[in-house]
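Peer 1: Enclosed is the structure file upload-v9.txt (compact mmCIF, C-alpha atoms and all ligand atoms).
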```txt
# COMPACT_ATOMS: atom_id res chain seq x y z
CA MET C 1 -8.29 -9.51 -15.82
CA ASP C 2 -4.88 -9.24 -17.45
CA ASP C 3 -2.76 -12.12 -16.09
CA GLU C 4 0.34 -10.49 -17.53
CA LEU C 5 -0.16 -7.47 -15.23
CA ILE C 6 -0.62 -9.78 -12.22
CA LYS C 7 2.64 -11.51 -13.11
CA ARG C 8 4.52 -8.25 -13.57
CA ALA C 9 3.28 -6.96 -10.21
CA ALA C 10 4.21 -10.25 -8.51
CA ASP C 11 7.72 -10.18 -10.05
CA ILE C 12 8.37 -6.67 -8.81
CA ILE C 13 7.12 -7.48 -5.31
CA ALA C 14 8.98 -10.80 -5.09
CA ASN C 15 12.21 -9.00 -5.99
CA SER C 16 11.78 -6.38 -3.27
CA LYS C 17 13.57 -6.39 0.06
CA LYS C 18 11.73 -3.53 1.73
CA LEU C 19 8.02 -3.45 0.99
CA LEU C 20 5.47 -0.75 1.79
CA VAL C 21 1.72 -1.22 1.41
CA PHE C 22 -0.37 1.94 1.38
CA THR C 23 -4.14 1.53 1.66
CA GLY C 24 -7.31 3.61 1.60
CA ALA C 25 -11.04 3.12 1.93
CA GLY C 26 -11.23 1.03 -1.27
CA ILE C 27 -9.62 -1.95 0.44
CA SER C 28 -12.55 -2.11 2.87
CA ALA C 29 -15.24 -1.54 0.22
CA GLU C 30 -15.72 -5.26 -0.43
CA SER C 31 -16.24 -5.74 3.32
CA GLY C 32 -19.24 -3.42 3.02
CA ILE C 33 -17.77 -0.19 4.39
CA PRO C 34 -18.56 2.80 2.17
CA THR C 35 -15.64 4.75 0.71
CA PHE C 36 -15.51 8.54 1.13
CA ARG C 37 -15.72 9.75 -2.43
CA GLY C 38 -17.68 8.63 -5.46
CA GLN C 39 -21.16 7.18 -5.74
CA ASP C 40 -22.67 6.40 -2.32
CA GLY C 41 -19.47 7.73 -0.73
CA LEU C 42 -19.66 8.95 2.87
CA TRP C 43 -18.99 12.52 1.77
CA GLU C 44 -22.03 12.40 -0.54
CA ASN C 45 -24.29 12.00 2.51
CA TYR C 46 -22.42 14.11 5.07
CA ARG C 47 -20.62 17.41 4.82
CA VAL C 48 -17.00 17.09 5.94
CA GLU C 49 -17.29 20.43 7.71
CA ASP C 50 -20.26 19.16 9.78
CA VAL C 51 -18.69 15.98 11.12
CA ALA C 52 -14.96 15.72 10.45
CA THR C 53 -13.29 18.96 11.54
CA PRO C 54 -12.27 20.32 14.96
CA GLU C 55 -14.70 23.21 14.40
CA ALA C 56 -17.58 20.78 13.83
CA PHE C 57 -16.80 19.09 17.15
CA LEU C 58 -16.72 22.42 19.00
CA ARG C 59 -20.01 23.43 17.41
CA ASN C 60 -21.92 20.17 17.74
CA PRO C 61 -20.10 17.35 19.55
CA ARG C 62 -23.34 15.35 19.77
CA LEU C 63 -23.68 15.21 15.98
CA VAL C 64 -20.02 14.32 15.54
CA TRP C 65 -20.31 11.49 18.08
CA LYS C 66 -23.49 10.28 16.34
CA PHE C 67 -21.58 10.10 13.06
CA TYR C 68 -18.64 8.22 14.62
CA SER C 69 -20.94 5.93 16.62
CA GLU C 70 -22.61 4.93 13.36
CA ARG C 71 -19.25 4.32 11.74
CA ARG C 72 -18.23 2.20 14.75
CA ARG C 73 -21.36 0.10 14.49
CA LYS C 74 -20.79 -0.40 10.77
CA ALA C 75 -17.14 -1.35 11.21
CA LEU C 76 -18.05 -3.77 14.02
CA SER C 77 -20.62 -5.47 11.81
CA VAL C 78 -18.20 -6.38 9.00
CA LYS C 79 -15.19 -8.63 8.50
CA PRO C 80 -11.88 -8.28 6.69
CA ASN C 81 -12.11 -9.34 3.04
CA ALA C 82 -9.82 -11.24 0.68
CA ALA C 83 -7.70 -8.13 0.05
CA HIS C 84 -6.99 -7.61 3.77
CA TYR C 85 -6.05 -11.28 4.12
CA ALA C 86 -3.74 -11.05 1.10
CA VAL C 87 -1.94 -8.11 2.77
CA ALA C 88 -1.63 -10.20 5.94
CA ARG C 89 -0.07 -13.00 3.85
CA LEU C 90 2.45 -10.48 2.50
CA GLU C 91 3.59 -9.55 5.99
CA LYS C 92 4.51 -13.20 6.58
CA LEU C 93 6.69 -13.27 3.45
CA PHE C 94 8.72 -10.08 4.01
CA ASP C 95 10.82 -9.21 7.06
CA ASP C 96 11.17 -5.56 6.14
CA PHE C 97 7.52 -4.70 5.73
CA LEU C 98 5.01 -2.02 6.69
CA VAL C 99 1.35 -1.29 6.04
CA VAL C 100 0.39 2.37 6.23
CA THR C 101 -3.36 2.75 6.15
CA GLN C 102 -5.56 5.81 6.00
CA ASN C 103 -8.42 3.64 7.26
CA VAL C 104 -9.67 3.83 10.82
CA ASP C 105 -11.78 0.65 10.66
CA ASP C 106 -9.31 -1.78 12.32
CA LEU C 107 -9.74 -4.37 9.54
CA HIS C 108 -6.02 -4.73 8.75
CA ARG C 109 -5.38 -5.66 12.38
CA LYS C 110 -8.31 -8.05 12.40
CA ALA C 111 -6.87 -9.71 9.27
CA GLY C 112 -3.62 -10.30 11.16
CA ASN C 113 -1.26 -7.47 10.20
CA LYS C 114 1.03 -6.34 13.02
CA LYS C 115 3.45 -4.03 11.22
CA LEU C 116 0.78 -1.41 10.78
CA ILE C 117 0.60 2.37 11.01
CA GLU C 118 -2.84 3.98 11.08
CA ILE C 119 -1.99 7.51 10.05
CA HIS C 120 -5.56 8.78 10.34
CA GLY C 121 -6.13 7.19 13.76
CA ASN C 122 -8.48 4.45 14.87
CA LEU C 123 -12.26 4.46 15.15
CA PHE C 124 -12.13 2.33 18.28
CA ARG C 125 -10.00 4.71 20.32
CA GLU C 126 -11.15 7.88 22.05
CA LYS C 127 -9.10 10.57 23.75
CA CYS C 128 -9.62 13.48 26.09
CA THR C 129 -9.91 16.98 24.62
CA ALA C 130 -8.15 18.41 27.71
CA CYS C 131 -5.77 15.88 29.30
CA ALA C 132 -3.73 12.88 28.11
CA PHE C 133 -6.42 10.27 28.82
CA ILE C 134 -6.95 7.77 26.02
CA ARG C 135 -8.84 4.46 25.84
CA ASN C 136 -10.14 1.80 23.49
CA SER C 137 -13.91 1.64 23.08
CA GLU C 138 -16.52 0.01 20.87
CA SER C 139 -19.37 2.02 22.41
CA SER C 140 -22.01 4.07 20.61
CA TYR C 141 -22.93 7.34 22.27
CA GLU C 142 -26.10 9.46 22.33
CA GLU C 143 -24.26 12.07 24.41
CA PRO C 144 -20.52 12.86 24.17
CA PRO C 145 -18.65 10.72 26.74
CA LEU C 146 -16.69 12.49 29.47
CA CYS C 147 -13.13 11.89 30.62
CA PRO C 148 -13.00 9.75 33.78
CA ASP C 149 -9.82 11.62 34.84
CA CYS C 150 -10.70 15.27 34.33
CA GLY C 151 -14.35 15.45 33.25
CA ALA C 152 -13.70 17.14 29.88
CA MET C 153 -15.27 15.76 26.72
CA LEU C 154 -13.75 12.76 24.97
CA ARG C 155 -13.40 12.77 21.19
CA PRO C 156 -12.73 10.03 18.63
CA ASP C 157 -8.98 9.46 18.19
CA VAL C 158 -9.09 10.06 14.47
CA VAL C 159 -7.48 12.77 12.36
CA TRP C 160 -9.91 15.42 11.20
CA PHE C 161 -9.53 17.76 8.26
CA GLY C 162 -7.32 20.70 9.22
CA GLU C 163 -5.45 18.66 11.87
CA PRO C 164 -1.84 17.52 11.66
CA LEU C 165 -1.13 13.81 11.41
CA PRO C 166 0.29 12.11 14.52
CA GLU C 167 3.99 12.97 14.44
CA LYS C 168 5.54 9.64 15.43
CA GLU C 169 3.39 7.71 12.95
CA ILE C 170 3.93 10.00 10.00
CA ASN C 171 7.70 10.18 10.62
CA GLU C 172 7.94 6.38 10.77
CA ALA C 173 5.85 6.05 7.61
CA PHE C 174 7.90 8.63 5.69
CA ASP C 175 11.23 7.17 6.87
CA PHE C 176 10.13 3.73 5.68
CA ALA C 177 8.99 5.13 2.31
CA GLU C 178 12.37 6.85 1.83
CA GLU C 179 14.01 3.43 1.69
CA ALA C 180 11.27 1.16 0.36
CA ASP C 181 12.05 -0.76 -2.85
CA THR C 182 8.38 -1.02 -3.70
CA VAL C 183 5.05 0.42 -2.63
CA ILE C 184 1.73 -1.28 -3.34
CA VAL C 185 -1.01 1.35 -3.36
CA ILE C 186 -4.46 -0.14 -2.80
CA GLY C 187 -7.89 1.48 -2.94
CA THR C 188 -7.07 5.12 -2.34
CA SER C 189 -7.99 8.18 -4.38
CA ALA C 190 -4.55 9.48 -3.30
CA ILE C 191 -5.65 13.08 -3.02
CA VAL C 192 -5.56 13.67 0.74
CA PHE C 193 -2.14 15.00 1.74
CA PRO C 194 0.27 14.50 3.41
CA ALA C 195 -0.65 10.79 3.44
CA ALA C 196 -0.87 10.66 -0.35
CA GLN C 197 2.76 11.76 -0.59
CA LEU C 198 3.97 8.26 0.37
CA PRO C 199 3.89 6.66 -3.11
CA PHE C 200 5.63 9.72 -4.54
CA ILE C 201 8.41 9.46 -1.95
CA VAL C 202 9.06 5.86 -3.03
CA TYR C 203 8.95 6.84 -6.71
CA ASN C 204 11.26 9.83 -6.23
CA HIS C 205 14.12 7.74 -4.89
CA GLY C 206 13.75 5.17 -7.67
CA GLY C 207 11.45 2.66 -5.97
CA LYS C 208 8.72 0.79 -7.82
CA VAL C 209 5.02 1.62 -7.59
CA ILE C 210 2.17 -0.87 -8.03
CA GLU C 211 -1.41 0.34 -7.92
CA VAL C 212 -4.67 -1.57 -7.50
CA ASN C 213 -7.80 0.53 -7.88
CA LEU C 214 -11.05 0.55 -9.82
CA GLU C 215 -9.99 3.64 -11.74
CA PRO C 216 -6.97 5.84 -12.50
CA THR C 217 -5.70 8.17 -9.74
CA PRO C 218 -2.77 10.62 -9.47
CA VAL C 219 -0.61 7.57 -8.60
CA THR C 220 -1.32 6.03 -12.01
CA ASP C 221 1.10 8.52 -13.61
CA ILE C 222 4.04 7.17 -11.58
CA ALA C 223 3.00 3.51 -11.37
CA ASN C 224 5.08 0.74 -12.94
CA VAL C 225 1.97 -1.45 -12.91
CA SER C 226 -1.65 -0.32 -12.51
CA ILE C 227 -4.42 -2.88 -12.23
CA PHE C 228 -7.96 -1.56 -12.48
CA GLU C 229 -10.08 -4.22 -10.82
CA LYS C 230 -11.48 -5.01 -7.37
CA CYS C 231 -8.62 -5.49 -4.92
CA GLY C 232 -10.36 -8.49 -3.31
CA ILE C 233 -9.95 -10.26 -6.65
CA VAL C 234 -6.52 -8.95 -7.69
CA LEU C 235 -4.51 -9.25 -4.48
CA PRO C 236 -5.05 -12.96 -3.75
CA LYS C 237 -3.92 -13.68 -7.33
CA ILE C 238 -0.80 -11.56 -6.90
CA LEU C 239 -0.06 -13.39 -3.64
CA ASP C 240 -0.45 -16.81 -5.30
CA GLU C 241 2.09 -15.72 -7.93
CA ILE C 242 4.52 -14.34 -5.34
CA GLU C 243 4.33 -17.50 -3.27
CA ALA C 244 5.08 -19.52 -6.41
CA ILE C 245 8.18 -17.37 -7.08
CA LEU C 246 9.60 -17.19 -3.56
P1 LIG C 301 -11.65 7.61 -1.16
O1 LIG C 301 -13.10 7.37 -0.93
O2 LIG C 301 -11.21 8.99 -1.49
O3 LIG C 301 -11.11 6.67 -2.33
C1 LIG C 301 -11.42 5.30 -2.38
C2 LIG C 301 -10.70 4.71 -3.58
O4 LIG C 301 -10.88 3.31 -3.56
C3 LIG C 301 -11.20 5.23 -4.93
O5 LIG C 301 -10.08 5.61 -5.70
C4 LIG C 301 -11.92 4.02 -5.53
O6 LIG C 301 -11.79 3.97 -6.94
C5 LIG C 301 -11.17 2.88 -4.89
N1 LIG C 301 -11.97 1.63 -4.72
C6 LIG C 301 -13.26 1.50 -4.35
N2 LIG C 301 -13.61 0.21 -4.25
C7 LIG C 301 -12.50 -0.52 -4.57
C8 LIG C 301 -12.20 -1.91 -4.67
N3 LIG C 301 -13.11 -2.84 -4.39
N4 LIG C 301 -10.95 -2.28 -5.03
C9 LIG C 301 -10.00 -1.35 -5.32
N5 LIG C 301 -10.22 -0.02 -5.24
C10 LIG C 301 -11.45 0.39 -4.88
O7 LIG C 301 -10.88 7.04 0.13
P2 LIG C 301 -9.40 7.35 0.64
O8 LIG C 301 -8.46 7.45 -0.49
O9 LIG C 301 -9.11 6.36 1.69
O10 LIG C 301 -9.50 11.12 5.67
O11 LIG C 301 -9.58 8.76 1.30
C11 LIG C 301 -8.48 9.35 1.90
C12 LIG C 301 -8.91 10.10 3.14
O12 LIG C 301 -9.94 11.03 2.82
C13 LIG C 301 -9.54 9.25 4.22
O13 LIG C 301 -8.60 8.66 5.08
C14 LIG C 301 -10.38 10.24 4.97
C15 LIG C 301 -11.02 10.82 3.76
O14 LIG C 301 -11.76 11.95 3.85
C16 LIG C 301 -9.87 11.68 6.83
O15 LIG C 301 -10.97 11.48 7.32
C17 LIG C 301 -8.82 12.56 7.43
```
Give the structure from this file in structure tokens form.
Ligand code: OAD
Peer 2:
Amino acid sequence: MDDELIKRAADIIANSKKLLVFTGAGISAESGIPTFRGQDGLWENYRVEDVATPEAFLRNPRLVWKFYSERRRKALSVKPNAAHYAVARLEKLFDDFLVVTQNVDDLHRKAGNKKLIEIHGNLFREKCTACAFIRNSESSYEEPPLCPDCGAMLRPDVVWFGEPLPEKEINEAFDFAEEADTVIVIGTSAIVFPAAQLPFIVYNHGGKVIEVNLEPTPVTDIANVSIFEKCGIVLPKILDEIEAIL
């Protein structure tokens, strides 16, 4: 790994006042959770339109719940990795700080992050398809669970393709990005919009962009520093450098 790149990334971050971290499935890969795209990606084994759209749920709620029950079991069986813990260390160093994750696996919270927006929802929440009922749950279901208030079907509280992002969360995330000095983009293919706009918002107002991924992405074009290596290896090193500077 190029130590010079680690140092450059650490310098940029250490000199930032308002710091955004934007993460995708790649940050959880070293915990053992499959990413969506690429070899062995979730979307290689499932069709998005069968399990991750509102239409899929209307057509076959049992299959959709089976898919999300499996993902729950997987997420419950793993732990945060060194990259999650490095991001939790960052939150302790910066007052003006936010993690925006596209992940629904809860691992950032388990690693200790509190300033966290999950713009694609959370695997361990479920909500009513008819009323405002919402609850946390780690259950696996053979049959779709029913709302204890109104009897309608419950669904996972995640964002499916074709659905808008939760308004409060996306507004907060975009407002933060508008003023962030730096964004660290970790483990995302950065192709699913509007979430993937965040690094571009930071770049457009003159903020710095640091990327950690295994391979180039659309963010690479606007990045001040790109490091192509496993984030569980890179991020702890960046944090050691930052802590030495601050
Ligand atoms: P993807 O599966 O599209 O991308 C994962 C990225 O992580 C790829 O760019 C990999 O190169 C990178 N990666 C894999 N392992 C890594 C590692 N150890 N260290 C660093 N990088 C690594 O996942 P997302 O970008 O999160 O949306 O996908 C975005 C959205 O599309 C998801 O939130 C989900 C999905 O379909 C919804 O379900 C709405």
Peer 1: Smallest atom-to-atom distance to Glu4 (chain C): which of C:Tyr46, C:Ala52, C:Ile245, C:Lys237, using all atoms listed in the file?
Peer 2: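 Checking each of C:Tyr46, C:Ala52, C:Ile245, C:Lys237 against Glu4 (chain C), counting all atoms listed in the file, the winner is C:Lys237.
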Peer 1: Name each residue within 7 Å of ligand LIG 301 (chain C), counting only C-alpha atoms and all ligand atoms, as a PyMOL selection string.
Peer 2: chain C and resi 23-27+29-30+35-38+41+52+102-103+120+159-161+186-192+212-215+217+229-232
Peer 1: From the list C:Asp40, C:Cys150, C:Glu138, C:Val21, which residue is nearest Val202 (chain C) when using all atoms listed in the file?
Peer 2: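 Among C:Asp40, C:Cys150, C:Glu138, C:Val21, it is C:Val21 that comes nearest to Val202 (chain C).
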Peer 1: Would you compute the distance between CA of Phe193 (chain C) and CA of Lys168 (chain C)? Give it in Å to one decimal.
Peer 2: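 Between these atoms lies a distance of 16.6 Å.
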Peer 1: Would you mind reading off the distance between CA of Ile119 (chain C) and CA of Asp106 (chain C), one decimal, in Å?
Peer 2: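 Interatomic distance here is 12.0 Å.
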Peer 1: At a cut-off of 10 Å, using all atoms listed in the file, what residues contact Pro61 (chain C)? Leave out same-chain residues fewer than 4 positions from it and give the result as number ranges by chain.
Peer 2: C: 50-51, 54-57, 65-67, 143-145, 153-155
